[in-house]
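**Q** Structure provided below as structure tokens; questions to follow.
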Protein chains: 8
Amino acid sequence: MSRVVILSGSGSDAPWVDKIAMVLSDLDVAVIRRVGSAHRVPEHVLSLLRDYDQDETQTVFITVAGMSDALSGLSDANVVSPVIACPPASNSFGGLDVLSSLRTPPGVGPMTALIPANAALAAAKILGLADPGLRKRVAAFQASAAAKVMDADGAALLEQSQELGQADELA
Amino acid sequence: MSRVVILSGSGSDAPWVDKIAMVLSDLDVAVIRRVGSAHRVPEHVLSLLRDYDQDETQTVFITVAGMSDALSGLSDANVVSPVIACPPASNSFGGLDVLSSLRTPPGVGPMTALIPANAALAAAKILGLADPGLRKRVAAFQASAAAKVMDADGAALLEQSQELGQADELA
Amino acid sequence: MSRVVILSGSGSDAPWVDKIAMVLSDLDVAVIRRVGSAHRVPEHVLSLLRDYDQDETQTVFITVAGMSDALSGLSDANVVSPVIACPPASNSFGGLDVLSSLRTPPGVGPMTALIPANAALAAAKILGLADPGLRKRVAAFQASAAAKVMDADGAALLEQSQELGQADELA
Amino acid sequence: MSRVVILSGSGSDAPWVDKIAMVLSDLDVAVIRRVGSAHRVPEHVLSLLRDYDQDETQTVFITVAGMSDALSGLSDANVVSPVIACPPASNSFGGLDVLSSLRTPPGVGPMTALIPANAALAAAKILGLADPGLRKRVAAFQASAAAKVMDADGAALLEQSQELGQADELA
Amino acid sequence: MSRVVILSGSGSDAPWVDKIAMVLSDLDVAVIRRVGSAHRVPEHVLSLLRDYDQDETQTVFITVAGMSDALSGLSDANVVSPVIACPPASNSFGGLDVLSSLRTPPGVGPMTALIPANAALAAAKILGLADPGLRKRVAAFQASAAAKVMDADGAALLEQSQELGQADELA
Amino acid sequence: MSRVVILSGSGSDAPWVDKIAMVLSDLDVAVIRRVGSAHRVPEHVLSLLRDYDQDETQTVFITVAGMSDALSGLSDANVVSPVIACPPASNSFGGLDVLSSLRTPPGVGPMTALIPANAALAAAKILGLADPGLRKRVAAFQASAAAKVMDADGAALLEQSQELGQADELA
Amino acid sequence: MSRVVILSGSGSDAPWVDKIAMVLSDLDVAVIRRVGSAHRVPEHVLSLLRDYDQDETQTVFITVAGMSDALSGLSDANVVSPVIACPPASNSFGGLDVLSSLRTPPGVGPMTALIPANAALAAAKILGLADPGLRKRVAAFQASAAAKVMDADGAALLEQSQELGQADELA
Amino acid sequence: MSRVVILSGSGSDAPWVDKIAMVLSDLDVAVIRRVGSAHRVPEHVLSLLRDYDQDETQTVFITVAGMSDALSGLSDANVVSPVIACPPASNSFGGLDVLSSLRTPPGVGPMTALIPANAALAAAKILGLADPGLRKRVAAFQASAAAKVMDADGAALLEQSQELGQADELA
């Protein structure tokens, strides 16, 4: 058994959390959503982190906190399981709030993924290490992304050959 | 009675803390130095913050944490006393780690001062609200900074009048 | 008796000032609003700053000036009371106008808070040092912010248990 | 059995790779080092990635490529195992080369860790999900980082009590 | 015979590709459009690049890939023909995704042009080196841009002389 | 009669002021140096600005203030004569302190020149409007800068023809 | 007699030019508008610059060129009269196109003013050095800006005293 | 016959030009070095650009101008041959002077390459379109860069197998 715990810093992050959860659901990964602010209710955060970290189920945490992201570092330093920071996109200050997810000191090492789909995919890859079925679903997800590119190339080729054909007919 | 508690995130911040403490000492403000990482030992941080926050002595906290500053927000949200973030200067990423001190969410509001002397001065101004003697020392500190500018202007004027004098003598 | 003087650099900053004043009112802190540009009417600014700074009432200044913020530094250097810079948000130049509030020289040390609610809260914390009633209102304000997070977590848990329940019923 | 494959884009990245490998060795994690440029020898990179990805051993990839990091995205998109980008630090362009590690499109999701020690720790946490012994070593590593902070706080307290003692003796 | 191959990383880049192709058509340069992601289908990309690179026709590649641009470097390193990176405009992160096109290592040297019209013009200039007719069309294109400026200046002069005339009549 | 008044915010700006003054001296423009901080001694600054502004001599002000530049805006708003901001170069925060010189509100409009030589040259051009002799010295200064470029081109041509000559001799 | 020549790099800059011209008209300064691209028609630009620079009328040039501003440097280096760069505002790349106006080499020194009103005001100040009437109009313009601030402060005071009055009546 | 004309804006750019020229020499491409500032001697620049552009020899221009790069745009707009901007590296303002090379308006389209070796390689690729021998030398240059990576990977593998061997011997 395995799961992803998505911990967001505020109830207002729900739309961002939804995007992560949807991709995880597509990959048939179990998801738990929790809310807890590292600033306002740190003991609550620590308590729930440790509960999930210490039971039998393999867990990956995805932390979702905008502006100054204290949640990802606090989470990572207090669990043994992997933590992926996926801060909600923001245009303020040139998007550089992301530095607060990235610039944690030595020994406090959440990993950062910017896009909800990619945080979900990364979590699935981690849990897939011990789950051959999930591993296959990840591979299929990647193959589908690759196929979409190939299809676009095929369509481009077709369109151009038709244009040439029309040109020939006109000639 | 009043005091400033300087809380740094790591023992390696000591030189920066020294600079803050030195100005506070010059202003005859009592200083306590503590070390506690919001990431690694959050319960220790919360415990010492609340101890200082709840006793009789008026307290201003100055928080010193580089890179991603989780300490200032965590501190501010968990004490009723004022918190001043004074993150150590860094040239990495154009100095924009400071966003992690500034960009805290509503209700989590440390104030930021970039220079150790200014964090100390701001803390002294706060404690001076209830301490006329300290208020006078703050005023003297400001007057001394102003005098330094006036002295530089006096010296510039003198030098130029002497140059004119020498020019006259040569003529 | 205590108060917050919000000094803005232009009449056009009124909406931003309103947001600060509203939170201060919620915390039952007396507010005075003044307008004065450090560039255009510096003597007017100096005169009103000193008037408020020198009478009996404990005062915290909040300075509101956008673009290049000269007001916060000028204010801080000329009063003994604490000054909090709260420049109106701007997206121009990646929001880096805030550097003009932050980068004052040694001895000129306004503290910066980016969000109106946080500037108000910080001022309340400062005045609360000598006002146990205000201190309680600040604590209640913080508790309410924390409760909002806990409520969101409770709602998330409830929603997921209901989904599980529905799944059980369907099974 | 499990391992970390550190893939760097150039032989000149060896000092950065060393730092990652050293922490992994301290955590008793098996390390393989390979070199391959996504730009210059993409087929070589794809071939070695797939070899490691498809055999029996659980593998985490850490990709090390400076300037424009094409290696991390190329690696992540072509393996089912997790990929951690750990680009060498650079001050050019305000350190914003890191955007090339972070800004991969949907479905191409390496995770980014800025500091070698943190990339190593994150990889160890991932492999620890299926390895209780490694999980304990990660916990010990974290406890040691926390202890260092507590020691610094203890030393600060001791120093201050001694100063007070000396002051008492002098009095 | 000569041509420009526009290779985009995703089908969603088609509007940007259209703008490049339209200018090339105006200059009567043959255009081939292909789609291939350096991340997802690198072998497809390498295969088509080499096919175009090795046949008889003089070819300039224009690569179109947003976010982290791995395509331009991968393309340039694997063909002998010139490669021009023309990444789609983005406001995220202050537009600095462009660093991923620019910051390729020594020996991997796509050239960057930010605007579709300019990427097209640059490709036409390159192919014009061996094509006097194209060279004349490029010159005409430049002359037309210059004429537009001269016309605007003429209109400005005319308008002002008319205003003066009206002022005279009124006098 | 005309002059340039260089007003710096601190005695520590003297080396930067020297560079400006040296170019002005080369152009035979009279220079007065004064020191006055807009933050610390605003009334002193206002007093000296108005004194120079109101007497008979044509005056251009050059203001020199680092970090957050309040001096240039304060100066410009309180004199009728032109003000050129020439803030000392700094690498902190990517050099963006310069925004504090540039981003003054409507009606407060110092002009900015980044390099001491260019601030001096611009002031000389302004004073040259009413001083044909100075105008000639400015033209000579510009001609000398142009000649330096032509000399470098001549030297490059000579060197290459000599290399060709040597190659011929060797052949 | 004196005038301002506003030289824009493209006909599309007309709205920005209008804003500058309107303030100059309010100050009763003669304005000439011209269009000329430093890139596309450099000889045209040089020719018109020199014509205006060499006749009897005192001239200030205001150059208006967006994106990469070559016009301001080219203009400044080739006239003896002062040149003010006033590049149109842009949000692309965090507004940092302005560096192309600012970062000219030694001896090429246009002055930069960001806002149309301020470029106009600065030009008026320069021409006012030899024109007491214009000097008075500049002073009136500044006084009007100051009065606007004082009015806003008066209105704020009035509103607050009325609120107090209403509170008294209610009591 | 073909050649690269490297045009630098100042004699002080010679070391940067040397690096470009050295790689071109290694590729056996003829190089001409010229100096001409777009700001100071625009007519000289235009004259030499047109001379090279109009004779029989196939020419690629590489323009080298630091700070605000007006040279690359001016060059590109006035020749029919391709222009590659290769501005000298600078750490000032986060390296963003490069925007002045990149952000030219439609119809003015120099291509940008950041590294001297890459500007040289790109020029060689362009001239190689009509020169099979040069094309082979470019391919060899690329193959040598690829081989260096493969050698580093081989050395890494060897070192690790030796370490394993030593470990075996010790066992």
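Quick note on naming: the chains in the structure tokens go A, B, ... in the order shown, residues restart at 1 in each chain, and ligands are numbered from 1 in order of appearance.
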Per residue of chain D within 8 Å of chain B, record the nearest atom pair and its distance in Å to one decimal, counting only C-alpha atoms, with rows in chain order and ascending residue number, as a Markdown table.

**A**
| residue | atom | partner | partner_atom | distance |
| --- | --- | --- | --- | --- |
| D:Asn91 | CA | B:Ser92 | CA | 6.7 |
| D:Gly94 | CA | B:Phe93 | CA | 4.7 |
| D:Gly95 | CA | B:Phe93 | CA | 5.1 |
| D:Leu96 | CA | B:Phe93 | CA | 7.2 |
| D:Gln142 | CA | B:Arg40 | CA | 7.8 |
| D:Ala145 | CA | B:Arg40 | CA | 7.2 |
| D:Ala146 | CA | B:Arg40 | CA | 5.2 |
| D:Val149 | CA | B:Ser10 | CA | 6.0 |
| D:Met150 | CA | B:Gly36 | CA | 6.9 |
| D:Ala152 | CA | B:Gly11 | CA | 5.2 |
| D:Asp153 | CA | B:Val35 | CA | 4.5 |
| D:Ala156 | CA | B:Arg34 | CA | 6.3 |
| D:Leu157 | CA | B:Arg34 | CA | 7.0 |
| D:Gln160 | CA | B:Ile32 | CA | 7.9 |

**Q** Extract the full set of helix (DSSP H, G or I) residues from segment 50-81 of chain G according to DSSP on the backbone, and format it as an mmCIF file with C-alpha atoms, in the first residue's frame.

**A**
data_model
loop_
_atom_site.group_PDB
_atom_site.id
_atom_site.type_symbol
_atom_site.label_atom_id
_atom_site.label_comp_id
_atom_site.auth_asym_id
_atom_site.auth_seq_id
_atom_site.Cartn_x
_atom_site.Cartn_y
_atom_site.Cartn_z
ATOM 1 C CA ARG G 50 22.810 67.919 -36.504
ATOM 2 C CA ASP G 51 20.476 70.370 -38.206
ATOM 3 C CA TYR G 52 18.687 71.139 -34.955
ATOM 4 C CA ASP G 53 21.913 71.034 -32.951
ATOM 5 C CA GLN G 54 23.732 73.555 -35.062
ATOM 6 C CA LEU G 71 18.404 56.010 -30.438
ATOM 7 C CA SER G 72 19.251 57.798 -27.203
ATOM 8 C CA GLY G 73 22.929 56.885 -27.228
ATOM 9 C CA LEU G 74 23.328 57.572 -30.931
ATOM 10 C CA SER G 75 21.650 60.946 -30.464
ATOM 11 C CA ASP G 76 23.644 61.971 -27.442
ATOM 12 C CA ALA G 77 26.978 61.088 -28.983
#

**Q** Using DSSP assignments from the backbone, pull out every residue in chain H that falls under strand (DSSP E or B) and give it to me as a ChimeraX atom specification.

**A** /H:2-8,31-35,58-64,83-85,111-112

**Q** Report as a ChimeraX atom specification all protein, DNA and RNA residues lying within 9 Å of Ala30 of chain C, evaluated on only C-alpha atoms, omitting residues in the same chain fewer than 4 positions from it.

**A** /C:1-5,21,24-25

**Q** Dump all heavy atoms for the selected residues as an mmCIF file, in the first residue's frame?

**A**
data_model
loop_
_atom_site.group_PDB
_atom_site.id
_atom_site.type_symbol
_atom_site.label_atom_id
_atom_site.label_comp_id
_atom_site.auth_asym_id
_atom_site.auth_seq_id
_atom_site.Cartn_x
_atom_site.Cartn_y
_atom_site.Cartn_z
ATOM 1 N N MET C 1 -2.736 55.972 26.567
ATOM 2 C CA MET C 1 -3.238 56.268 25.217
ATOM 3 C C MET C 1 -2.159 55.996 24.151
ATOM 4 O O MET C 1 -0.995 56.231 24.363
ATOM 5 C CB MET C 1 -3.629 57.763 25.137
ATOM 6 C CG MET C 1 -5.012 58.031 25.674
ATOM 7 S SD MET C 1 -6.260 57.129 24.700
ATOM 8 C CE MET C 1 -6.104 57.984 23.112
ATOM 9 N N SER C 2 -2.605 55.486 23.053
ATOM 10 C CA SER C 2 -1.677 55.210 21.960
ATOM 11 C C SER C 2 -2.408 55.350 20.629
ATOM 12 O O SER C 2 -3.636 55.409 20.593
ATOM 13 C CB SER C 2 -1.106 53.794 22.099
ATOM 14 O OG SER C 2 -2.125 52.838 21.865
ATOM 15 N N ARG C 3 -1.652 55.376 19.543
ATOM 16 C CA ARG C 3 -2.277 55.564 18.231
ATOM 17 C C ARG C 3 -1.296 55.159 17.118
ATOM 18 O O ARG C 3 -0.082 55.081 17.337
ATOM 19 C CB ARG C 3 -2.661 57.023 18.035
ATOM 20 C CG ARG C 3 -1.433 57.881 17.828
ATOM 21 C CD ARG C 3 -1.696 59.361 17.811
ATOM 22 N NE ARG C 3 -0.433 60.041 18.049
ATOM 23 C CZ ARG C 3 -0.297 61.205 18.666
ATOM 24 N NH1 ARG C 3 -1.348 61.855 19.125
ATOM 25 N NH2 ARG C 3 0.891 61.729 18.822
ATOM 26 N N VAL C 4 -1.862 54.955 15.954
ATOM 27 C CA VAL C 4 -1.069 54.757 14.743
ATOM 28 C C VAL C 4 -1.344 55.926 13.808
ATOM 29 O O VAL C 4 -2.502 56.252 13.528
ATOM 30 C CB VAL C 4 -1.429 53.428 14.043
ATOM 31 C CG1 VAL C 4 -0.751 53.345 12.680
ATOM 32 C CG2 VAL C 4 -1.033 52.246 14.905
ATOM 33 N N VAL C 5 -0.286 56.581 13.363
ATOM 34 C CA VAL C 5 -0.411 57.634 12.352
ATOM 35 C C VAL C 5 -0.024 57.028 11.009
ATOM 36 O O VAL C 5 1.117 56.597 10.828
ATOM 37 C CB VAL C 5 0.489 58.839 12.687
ATOM 38 C CG1 VAL C 5 0.434 59.862 11.545
ATOM 39 C CG2 VAL C 5 0.070 59.475 13.999
ATOM 40 N N ALA C 21 -6.124 50.763 7.843
ATOM 41 C CA ALA C 21 -6.948 51.350 8.911
ATOM 42 C C ALA C 21 -8.054 50.395 9.351
ATOM 43 O O ALA C 21 -8.400 50.340 10.538
ATOM 44 C CB ALA C 21 -7.543 52.674 8.425
ATOM 45 N N LEU C 24 -6.675 47.929 11.781
ATOM 46 C CA LEU C 24 -6.395 48.609 13.059
ATOM 47 C C LEU C 24 -7.703 48.875 13.815
ATOM 48 O O LEU C 24 -7.765 48.738 15.046
ATOM 49 C CB LEU C 24 -5.630 49.914 12.808
ATOM 50 C CG LEU C 24 -4.155 49.701 12.436
ATOM 51 C CD1 LEU C 24 -3.541 50.991 11.902
ATOM 52 C CD2 LEU C 24 -3.361 49.208 13.645
ATOM 53 N N SER C 25 -8.744 49.273 13.100
ATOM 54 C CA SER C 25 -10.047 49.490 13.745
ATOM 55 C C SER C 25 -10.579 48.197 14.353
ATOM 56 O O SER C 25 -11.087 48.182 15.477
ATOM 57 C CB SER C 25 -11.058 50.036 12.732
ATOM 58 O OG SER C 25 -10.701 51.335 12.351
#

**Q** Just give me the gap between atom CA of Ala117 of chain G and atom CA of Ala85 of chain G in Å, one decimal is fine.

**A** 12.6 Å

**Q** What's the separation between atom CA of Asp18 of chain D and atom CA of Thr104 of chain D, in Å to one decimal place?

**A**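 Taking atom CA of Asp18 of chain D and atom CA of Thr104 of chain D, their separation equals 26.2 Å.
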
**Q** Each residue of segment 5-104 of chain B with at least one atom at most 8 Å from segment 126-130 of chain B should appear once, together with its nearest atom pair and the corresponding distance in Å (one decimal); atoms considered: only C-alpha atoms; ordering: chain, then increasing residue number; output as a tab-separated table.

**A**
residue	atom	partner	partner_atom	distance
B:Gln58	CA	B:Leu127	CA	7.5
B:Thr59	CA	B:Leu127	CA	7.9
B:Val60	CA	B:Leu127	CA	7.5

**Q** Could those residues be written to a file, using N, CA and C atoms, as a compact mmCIF listing (two decimals), in the first residue's frame?

**A**
# COMPACT_ATOMS: atom_id res chain seq x y z
N GLN B 58 8.92 43.32 28.77
CA GLN B 58 8.63 43.71 27.38
C GLN B 58 9.71 43.18 26.46
N THR B 59 9.32 42.52 25.39
CA THR B 59 10.28 41.85 24.53
C THR B 59 10.04 42.19 23.06
N VAL B 60 11.13 42.49 22.35
CA VAL B 60 11.10 42.53 20.89
C VAL B 60 11.97 41.39 20.39

**Q** Need the shell around Arg137 of chain F: protein/DNA/RNA residues with any atom at most 12 Å away, counting only C-alpha atoms. Skip same-chain ones fewer than 5 positions apart. Format as a PDB file with C-alpha atoms, in the first residue's frame?

**A**
ATOM      1  CA  VAL F  23      35.630  65.358 -15.881  1.00  0.00           C
ATOM      2  CA  LEU F  24      33.951  68.673 -15.129  1.00  0.00           C
ATOM      3  CA  SER F  25      37.351  70.204 -14.433  1.00  0.00           C
ATOM      4  CA  ASP F  26      38.677  68.852 -17.725  1.00  0.00           C
ATOM      5  CA  LEU F  27      35.756  70.645 -19.353  1.00  0.00           C
ATOM      6  CA  ASP F  28      36.598  73.789 -17.344  1.00  0.00           C
ATOM      7  CA  VAL F  29      33.257  73.839 -15.538  1.00  0.00           C
ATOM      8  CA  LEU F 121      29.187  65.469 -19.683  1.00  0.00           C
ATOM      9  CA  ALA F 124      28.280  70.403 -19.326  1.00  0.00           C
ATOM     10  CA  LYS F 125      25.933  70.032 -22.281  1.00  0.00           C
ATOM     11  CA  LEU F 127      25.376  74.637 -19.241  1.00  0.00           C
ATOM     12  CA  GLY F 128      26.793  74.765 -22.776  1.00  0.00           C
ATOM     13  CA  ASP F 131      28.054  79.088 -23.239  1.00  0.00           C
ATOM     14  CA  PRO F 132      29.544  78.700 -26.746  1.00  0.00           C
ATOM     15  CA  GLN F 142      33.148  63.911 -27.985  1.00  0.00           C
ATOM     16  CA  ALA F 143      35.536  64.152 -30.913  1.00  0.00           C
ATOM     17  CA  SER F 144      38.306  62.766 -28.767  1.00  0.00           C
TER      18      SER F 144
ATOM     19  CA  VAL G  80      26.362  69.004 -28.309  1.00  0.00           C
TER      20      VAL G  80
END

**Q** Find, counting only C-alpha atoms, the residue in H:Leu99, H:Val79, H:Gly107, H:Gln162 that gets nearest to Ser47 of chain H.

**A**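 Smallest distance to Ser47 of chain H is found for H:Val79.
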
**Q** In Å to one decimal, how far is atom CA of Glu56 of chain G from atom CA of Ser81 of chain G?

**A**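 Here the two named atoms are 11.7 Å from each other.
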